[in-house]
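Each remark here refers to the structure printed beneath this line.
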Amino acid sequence: ASSPAALREEFVRMFSDPSVLSGGGVPNTALKRRFGPRLPLLVPVINELNRKGRLTMSKVGDVLTYTLVSEDVASKFAGLDASARMVYQVIEKAGNRGIWTKDIRTQTNIQQQALTKIFKQLETRKLVKPVKAVTAKAKKLYMLFGLTPAKEITGGPWYTELEFDHEFISELRTFVMHCVRRLNGGKGVTLAEIAAKMKEANVSRVTLNLEEVQQLMQTLAFDYMIEQSGVNRNGEAMFVAARRVTTMCEFKWWDVISPDFHFRTIRFEDGVILAAHEPHHHTL
């Protein structure tokens with residue numbers, strides 16, 4: 001018969017064996033295959049690891065799955081009661097979008113006073129952190145301590161301390177216009193070239209991806225400051241400073257960044273109305 005120490009070592013070794021791992025853990029079915037009639041002897045080992053916070057159990061489909069927790073992480077959970085662990089698991093499931101305190105209370109059925117103490121415990125151990133969202137600055141979201149909040153929560157690069165940063169965007173727009181007028185002799189510049197120049201000049205306090213640079217370009221296009229002028233050999237759109245004057249409309253450049261912009265009805269000075277879902281641009 002295997003000794004408890006040997007059983008423990010064999011059990012722990014399974015968590016580094018890719019052939020038995022499923023969904024990041026070891027399914028109960030794999031334990032049955034590996035240990036067979038010795039499985040009852042494994043119960044004290046599982047109980048000991050679970051008590052020390054080294055083991056978590058969850059259902060993956062209909063299969064019970066075990067996940068081994070590192071000693072560093074386990075030490076942060078030492079001494080936490082079942083309620084605190086339950087709160088942690090609820091927050092963990094929310095990912096980088098976080099979860100409102102009201103929803104945590106609903107899902108755990110823990111009273112607010114006790115919940116406040118648990119939050120303080122988890123925050124002190126740097127297991128979770130409170131985060132504010134641009135959509136509801138007075139309310140708190142919670143997420144795991146090591147996660148970076150999703151852009152839907154922070155507002156992305158266009159927000160500073162939850163406020164829309166007009167000055168920052170205005171500076172970036174000025175730089176983009178400089179690129180459009182100067183690069184390639186003003187004969188046309190691509191989105192990728194502008195993004196590369198912004199990175200090289202380090203004009204943004206955060207790294208902007210192509211989609212975000214494109215949003216800046218769109219604000220300039222809707223203000224009739226730039227326009228597309230064909231494509232290059234690679235099929236990439238080329239932009240130049242706008243040479244034509246077109247009818248102005250009622251929205252401002254910062255409206256273009258709003259996620260619901262394409263769902264708005266726009267009225268132009270010449271009486272033209274673009275209904276929601278119509279392409280929000282017009283030409284001479």
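Simple scheme: letters A, B, ... for chains in structure tokens order, numbers from 1 for residues in each chain, numbers from 1 for ligands in the order shown.
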
Compile the contact shell of A:Ser58 as an NGL selection string: residues with an atom at most 12 Å away, counting only C-alpha atoms, same-chain residues fewer than 2 positions apart removed. :A and (23-28 or 55-56 or 60-68 or 89)

Determine which residues of stretch 40-243 of chain A DSSP labels as strand (DSSP E) from the backbone of this structure, then write them out as a PyMOL selection string. chain A and resi 55-60+63-68+99-100+128-133+136-144+159-160+163-164+226-231+237-241

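Candidate residues A:Arg34, A:Leu39, A:Val134, A:Arg125 were compared for distance to A:Gly79, and the nearest is A:Arg125, using only C-alpha atoms.
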
Using atom CA of A:Ile153 and atom CA of A:Ala195 as the two end points, give the distance in Å to one decimal. 24.4 Å

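Near A:Leu115, within 9 Å and counting only C-alpha atoms, sit Ser83, Ala84, Val87, Thr101, Ile104, Arg105, Ile110, Gln111, Gln112, Gln113, Lys117, Ile118, Phe119 and Lys120 of chain A, not including residues fewer than 2 positions from it in the same chain.
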
Using only C-alpha atoms, which of A:Lys52, A:Lys199, A:Lys59, A:Arg38 sits nearest A:Ser22?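 Counting only C-alpha atoms, the residue closest to A:Ser22 is A:Lys59.
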
Pick from A:Lys140, A:Lys129, A:Arg51, A:Arg8, whichever lies nearest to A:Phe35 using only C-alpha atoms: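 Closest candidate: A:Arg8.
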
Mind pulling up the distance from atom CA of A:Thr154 to atom CA of A:Lys76? 27.5 Å

Could you pull out the residues in stretch 54-116 of chain A that DSSP calls helix (DSSP H, G or I) from the backbone, as JSON, numbers by chain? {"A": [71, 72, 73, 74, 75, 76, 77, 82, 83, 84, 85, 86, 87, 88, 89, 90, 91, 92, 93, 94, 95, 96, 97, 101, 102, 103, 104, 105, 106, 107, 108, 112, 113, 114, 115, 116]}

Using only C-alpha atoms: which of A:Lys139, A:Lys187, A:Arg182, A:Arg205 has the shortest distance to A:Asp103: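 When distances to A:Asp103 are compared using only C-alpha atoms, the smallest one comes from A:Lys139.
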
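Closest approach to A:Tyr159 among A:Leu49, A:Ala78, A:Ala196, A:Val206: A:Val206, based on only C-alpha atoms.
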
Pick the closest to A:Gly146 from A:Asn96, A:Asn232, A:Ser258, A:Asn47: which is it, counting only C-alpha atoms?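 Counting only C-alpha atoms, the residue closest to A:Gly146 is A:Asn96.
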
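Going from atom CA of A:Val128 over to atom CA of A:Met143, you cover 5.6 Å.
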
Would you kindly return, as a ChimeraX atom specification, each protein, DNA or RNA residue with an atom no farther than 9 Å from any atom of A:Phe239, considering only C-alpha atoms and excluding same-chain residues fewer than 5 positions away? /A:180,186-191,226-231

Give me a file of those residues, with C-alpha atoms, as a PDB file, in the first residue's frame.
```
ATOM      1  CA  VAL A 180      -1.437  64.342 -42.338  1.00  0.00           C
ATOM      2  CA  GLY A 186       1.098  65.878 -47.535  1.00  0.00           C
ATOM      3  CA  LYS A 187       0.178  63.585 -50.442  1.00  0.00           C
ATOM      4  CA  GLY A 188      -1.462  60.985 -48.258  1.00  0.00           C
ATOM      5  CA  VAL A 189      -0.771  59.034 -45.098  1.00  0.00           C
ATOM      6  CA  THR A 190      -2.138  55.727 -43.819  1.00  0.00           C
ATOM      7  CA  LEU A 191      -3.621  54.915 -40.460  1.00  0.00           C
ATOM      8  CA  ILE A 226      -9.284  65.249 -43.273  1.00  0.00           C
ATOM      9  CA  GLU A 227     -10.616  63.077 -46.059  1.00  0.00           C
ATOM     10  CA  GLN A 228      -9.698  59.855 -47.786  1.00  0.00           C
ATOM     11  CA  SER A 229      -7.717  60.158 -50.987  1.00  0.00           C
ATOM     12  CA  GLY A 230      -7.569  56.722 -52.555  1.00  0.00           C
ATOM     13  CA  VAL A 231      -5.499  53.763 -51.380  1.00  0.00           C
TER      14      VAL A 231
END
```
